[in-house]
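Read through the structure below, which is laid out as structure tokens, and then see the notes.
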Amino acid sequence: MPTQVVNTPYPVIDADPHAKRVIRYMRPSDYAVWAGATATFPALLYGYEMADPTRLTKKGITPALKLCTFLGFCGGFLLAYQRSSFRFWGWEENAREEKKDMEELSALAAQGKPVYGHSDLPEYIQGVAHRNSVWSQLKFAALPWFNLVNHNNHGVDTTKYYLKAQEQQDN
């Protein structure tokens, strides 16, 4: 099943990026969003406690604040992951990621390695993994799902990496 083609304002880097790449390509602004969500959730609970006290002691509210911090951390990570994925999909400005992608994958192509990594899984299972993970970043509210499988279904023409590698070898 071919990857759905979507018209985007910026070039598509990868329609189904591996989780490691999404995390590696996060920008400082993504980390700021992550940290902000981590801090905001317990701050809101504390603010609500100040506005309408439950008369809990400091010892009584501490577990709730810890839980809110953990949930803020998880939600912030998902938000930062989604923002990074949007740049892979070409939905947001992605010049930095495009340059980094070209350098990284053309270097792999120059070494003769598969640009999207090697997988020992059968082709059919790789396809199943792709179909389960593509566009999954839009469904984080229902089920956080990440692409953890190397496969060749990324919705981009990989010949550009091999041409760039050939160009670098010729120079």
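Letters A, B, ... mark the chains of the structure tokens in the order given; residue numbers begin at 1 per chain; ligand numbers begin at 1, in order shown.
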
All residues 6 Å or closer to Ser133 in chain A, only C-alpha atoms, same chain fewer than 3 positions away omitted, as number ranges by chain: A: 130, 136, 146-147

Print the selection's residues with N, CA and C atoms to a file, as a JSON list (two decimals), in the first residue's frame.
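Done, and the output landed in part_10.json:
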[["chain", "number", "residue", "atom", "x", "y", "z"],
["A", 130, "HIS", "N", 4.61, -0.27, 9.25],
["A", 130, "HIS", "CA", 4.44, 1.04, 8.60],
["A", 130, "HIS", "C", 2.97, 1.47, 8.64],
["A", 136, "SER", "N", 0.55, 8.25, 12.99],
["A", 136, "SER", "CA", 0.18, 7.95, 14.38],
["A", 136, "SER", "C", 0.38, 9.15, 15.31],
["A", 146, "PHE", "N", 4.54, 4.78, 18.19],
["A", 146, "PHE", "CA", 5.75, 5.28, 17.56],
["A", 146, "PHE", "C", 6.25, 4.28, 16.53],
["A", 147, "ASN", "N", 6.95, 4.76, 15.52],
["A", 147, "ASN", "CA", 7.57, 3.88, 14.55],
["A", 147, "ASN", "C", 8.90, 3.40, 15.12]]

Contacts of Ser84 in chain A within 8 Å, only C-alpha atoms, excl. fewer than 6 positions in-chain, as a list in words: Val22, Ile23, Tyr25, Met26, Arg27 and Asp30 of chain A

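Atom to atom, CA of Lys164 in chain A and CA of Arg87 in chain A stand 21.7 Å apart.
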
Which of chain A fall in alpha helix (DSSP H), as a PyMOL selection string: chain A and resi 19-24+28-51+58-89+95-110+123-133+159-170

Nearby residues (only C-alpha atoms) at most 12 Å from Leu71 in chain A, same-chain spacing under 3 positions excluded, as a PyMOL selection string: chain A and resi 34-35+37-42+45+64-68+74-78

Residue neighbourhood Val12 in chain A, 10 Å, only C-alpha atoms, exclusion window fewer than 4 positions, as number ranges by chain: A: 5-8, 86-92, 94, 98, 154-156

Go ahead and write the residues just picked, all heavy atoms, as a compact mmCIF listing (two decimals), in the first residue's frame.
# COMPACT_ATOMS: atom_id res chain seq x y z
N VAL A 5 -0.06 10.66 -0.38
CA VAL A 5 0.65 11.88 -0.73
C VAL A 5 -0.20 13.07 -0.29
O VAL A 5 -1.37 13.17 -0.64
CB VAL A 5 0.93 11.94 -2.24
CG1 VAL A 5 1.61 13.23 -2.61
CG2 VAL A 5 1.76 10.75 -2.67
N VAL A 6 0.40 13.95 0.47
CA VAL A 6 -0.28 15.13 0.97
C VAL A 6 0.47 16.36 0.48
O VAL A 6 1.70 16.41 0.55
CB VAL A 6 -0.33 15.12 2.52
CG1 VAL A 6 -0.98 16.37 3.06
CG2 VAL A 6 -1.03 13.88 3.03
N ASN A 7 -0.26 17.34 -0.04
CA ASN A 7 0.38 18.58 -0.47
C ASN A 7 0.74 19.38 0.77
O ASN A 7 -0.11 19.66 1.62
CB ASN A 7 -0.57 19.38 -1.35
CG ASN A 7 -0.81 18.70 -2.68
OD1 ASN A 7 0.06 18.02 -3.20
ND2 ASN A 7 -2.00 18.85 -3.21
N THR A 8 2.01 19.74 0.87
CA THR A 8 2.51 20.45 2.05
C THR A 8 3.24 21.72 1.62
O THR A 8 3.78 21.77 0.51
CB THR A 8 3.47 19.56 2.86
OG1 THR A 8 4.59 19.22 2.03
CG2 THR A 8 2.78 18.29 3.34
N PHE A 86 5.85 17.00 12.62
CA PHE A 86 5.25 17.91 11.66
C PHE A 86 6.31 18.47 10.70
O PHE A 86 6.04 18.68 9.52
CB PHE A 86 4.55 19.07 12.37
CG PHE A 86 3.24 18.70 13.00
CD1 PHE A 86 2.56 19.61 13.78
CD2 PHE A 86 2.67 17.45 12.83
CE1 PHE A 86 1.35 19.29 14.37
CE2 PHE A 86 1.46 17.11 13.42
CZ PHE A 86 0.80 18.05 14.19
N ARG A 87 7.52 18.70 11.21
CA ARG A 87 8.59 19.18 10.33
C ARG A 87 9.03 18.08 9.36
O ARG A 87 9.35 18.36 8.21
CB ARG A 87 9.75 19.70 11.16
CG ARG A 87 9.42 21.03 11.82
CD ARG A 87 10.64 21.68 12.44
NE ARG A 87 11.15 20.93 13.58
CZ ARG A 87 10.68 21.07 14.82
NH1 ARG A 87 9.71 21.92 15.08
NH2 ARG A 87 11.20 20.37 15.80
N PHE A 88 9.06 16.82 9.80
CA PHE A 88 9.37 15.72 8.89
C PHE A 88 8.33 15.64 7.78
O PHE A 88 8.66 15.34 6.64
CB PHE A 88 9.43 14.39 9.63
CG PHE A 88 10.76 14.08 10.24
CD1 PHE A 88 11.01 14.33 11.58
CD2 PHE A 88 11.77 13.54 9.47
CE1 PHE A 88 12.23 14.05 12.13
CE2 PHE A 88 13.01 13.25 10.02
CZ PHE A 88 13.24 13.51 11.36
N TRP A 89 7.08 15.87 8.12
CA TRP A 89 6.00 15.76 7.15
C TRP A 89 5.90 16.97 6.23
O TRP A 89 5.12 16.96 5.28
CB TRP A 89 4.66 15.60 7.86
CG TRP A 89 4.51 14.34 8.63
CD1 TRP A 89 5.23 13.19 8.50
CD2 TRP A 89 3.57 14.08 9.65
NE1 TRP A 89 4.80 12.25 9.37
CE2 TRP A 89 3.77 12.77 10.10
CE3 TRP A 89 2.57 14.84 10.25
CZ2 TRP A 89 3.01 12.19 11.10
CZ3 TRP A 89 1.81 14.26 11.25
CH2 TRP A 89 2.03 12.95 11.67
N GLY A 90 6.64 18.04 6.52
CA GLY A 90 6.58 19.24 5.71
C GLY A 90 5.44 20.16 6.07
O GLY A 90 5.09 21.04 5.30
N TRP A 91 4.85 19.97 7.23
CA TRP A 91 3.72 20.80 7.65
C TRP A 91 4.21 22.10 8.29
O TRP A 91 3.46 23.05 8.40
CB TRP A 91 2.84 20.05 8.64
CG TRP A 91 2.11 18.91 8.04
CD1 TRP A 91 2.26 18.39 6.78
CD2 TRP A 91 1.10 18.13 8.66
NE1 TRP A 91 1.40 17.32 6.59
CE2 TRP A 91 0.68 17.14 7.74
CE3 TRP A 91 0.51 18.14 9.91
CZ2 TRP A 91 -0.30 16.21 8.02
CZ3 TRP A 91 -0.47 17.21 10.19
CH2 TRP A 91 -0.87 16.25 9.25
N GLU A 92 5.45 22.12 8.75
CA GLU A 92 6.06 23.31 9.34
C GLU A 92 7.42 23.52 8.69
O GLU A 92 7.97 22.61 8.06
CB GLU A 92 6.21 23.16 10.86
CG GLU A 92 4.91 23.12 11.61
CD GLU A 92 5.08 23.00 13.11
OE1 GLU A 92 6.24 23.01 13.59
OE2 GLU A 92 4.07 22.89 13.82
N ASN A 94 11.08 23.48 7.75
CA ASN A 94 11.97 22.37 8.05
C ASN A 94 13.32 22.43 7.35
O ASN A 94 13.92 21.39 7.06
CB ASN A 94 11.28 21.04 7.73
CG ASN A 94 10.91 20.90 6.27
OD1 ASN A 94 11.22 21.75 5.45
ND2 ASN A 94 10.25 19.80 5.93
N GLU A 98 15.86 19.33 6.88
CA GLU A 98 16.11 18.86 5.52
C GLU A 98 17.62 18.76 5.25
O GLU A 98 18.10 17.78 4.68
CB GLU A 98 15.45 19.82 4.52
CG GLU A 98 15.48 19.32 3.10
CD GLU A 98 14.75 20.27 2.16
OE1 GLU A 98 14.45 21.41 2.54
OE2 GLU A 98 14.51 19.85 1.03
N HIS A 154 8.68 5.28 3.25
CA HIS A 154 8.81 6.60 3.86
C HIS A 154 8.24 7.73 2.99
O HIS A 154 8.32 8.89 3.37
CB HIS A 154 10.27 6.89 4.20
CG HIS A 154 10.78 5.99 5.28
ND1 HIS A 154 10.66 6.29 6.61
CD2 HIS A 154 11.37 4.77 5.23
CE1 HIS A 154 11.16 5.31 7.34
NE2 HIS A 154 11.60 4.37 6.52
N GLY A 155 7.69 7.39 1.85
CA GLY A 155 7.02 8.38 1.02
C GLY A 155 7.92 9.38 0.33
O GLY A 155 7.46 10.42 -0.10
N VAL A 156 9.22 9.10 0.25
CA VAL A 156 10.15 9.98 -0.45
C VAL A 156 11.01 9.15 -1.40
O VAL A 156 11.21 7.95 -1.19
CB VAL A 156 11.06 10.77 0.52
CG1 VAL A 156 10.26 11.75 1.33
CG2 VAL A 156 11.83 9.86 1.43

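The smallest atom-to-atom distance between Gly36 in chain A and any of A:Lys99, A:Ala80, A:Glu93, A:Pro144, using only C-alpha atoms, is found for A:Ala80.
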
Between CA of Ala107 in chain A and CA of Glu167 in chain A, distance in Å (one decimal): 11.4 Å

His151 in chain A environment, 9 Å, only C-alpha atoms, sequence neighbours closer than 5 positions dropped, as a ChimeraX atom specification: /A:116-119,121,123,126-127,129-130

For the residues in that selection, give me C-alpha atoms as a compact mmCIF listing (two decimals), in the first residue's frame.
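Written output follows (part.txt):
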# COMPACT_ATOMS: atom_id res chain seq x y z
CA TYR A 116 16.63 3.83 6.42
CA GLY A 117 18.46 1.11 8.28
CA HIS A 118 18.45 -2.66 8.14
CA SER A 119 15.65 -4.82 9.48
CA LEU A 121 11.76 -8.55 9.86
CA GLU A 123 8.81 -7.47 4.22
CA GLN A 126 7.65 -4.21 7.93
CA GLY A 127 4.60 -3.14 5.91
CA ALA A 129 4.53 -1.81 11.12
CA HIS A 130 4.44 1.04 8.60

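Shortest separation to Glu103 in chain A among A:Ile61, A:Thr69, A:Leu148, A:Val115 occurs at residue A:Val115, atoms counted being only C-alpha atoms.
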
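Relative to CA of Tyr162 in chain A, CA of Lys113 in chain A is found at 10.5 Å.
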
Residue nearest Arg21 in chain A - candidates A:Asn150, A:Arg55, A:Leu44, A:Phe70, atoms counted: only C-alpha atoms: A:Asn150
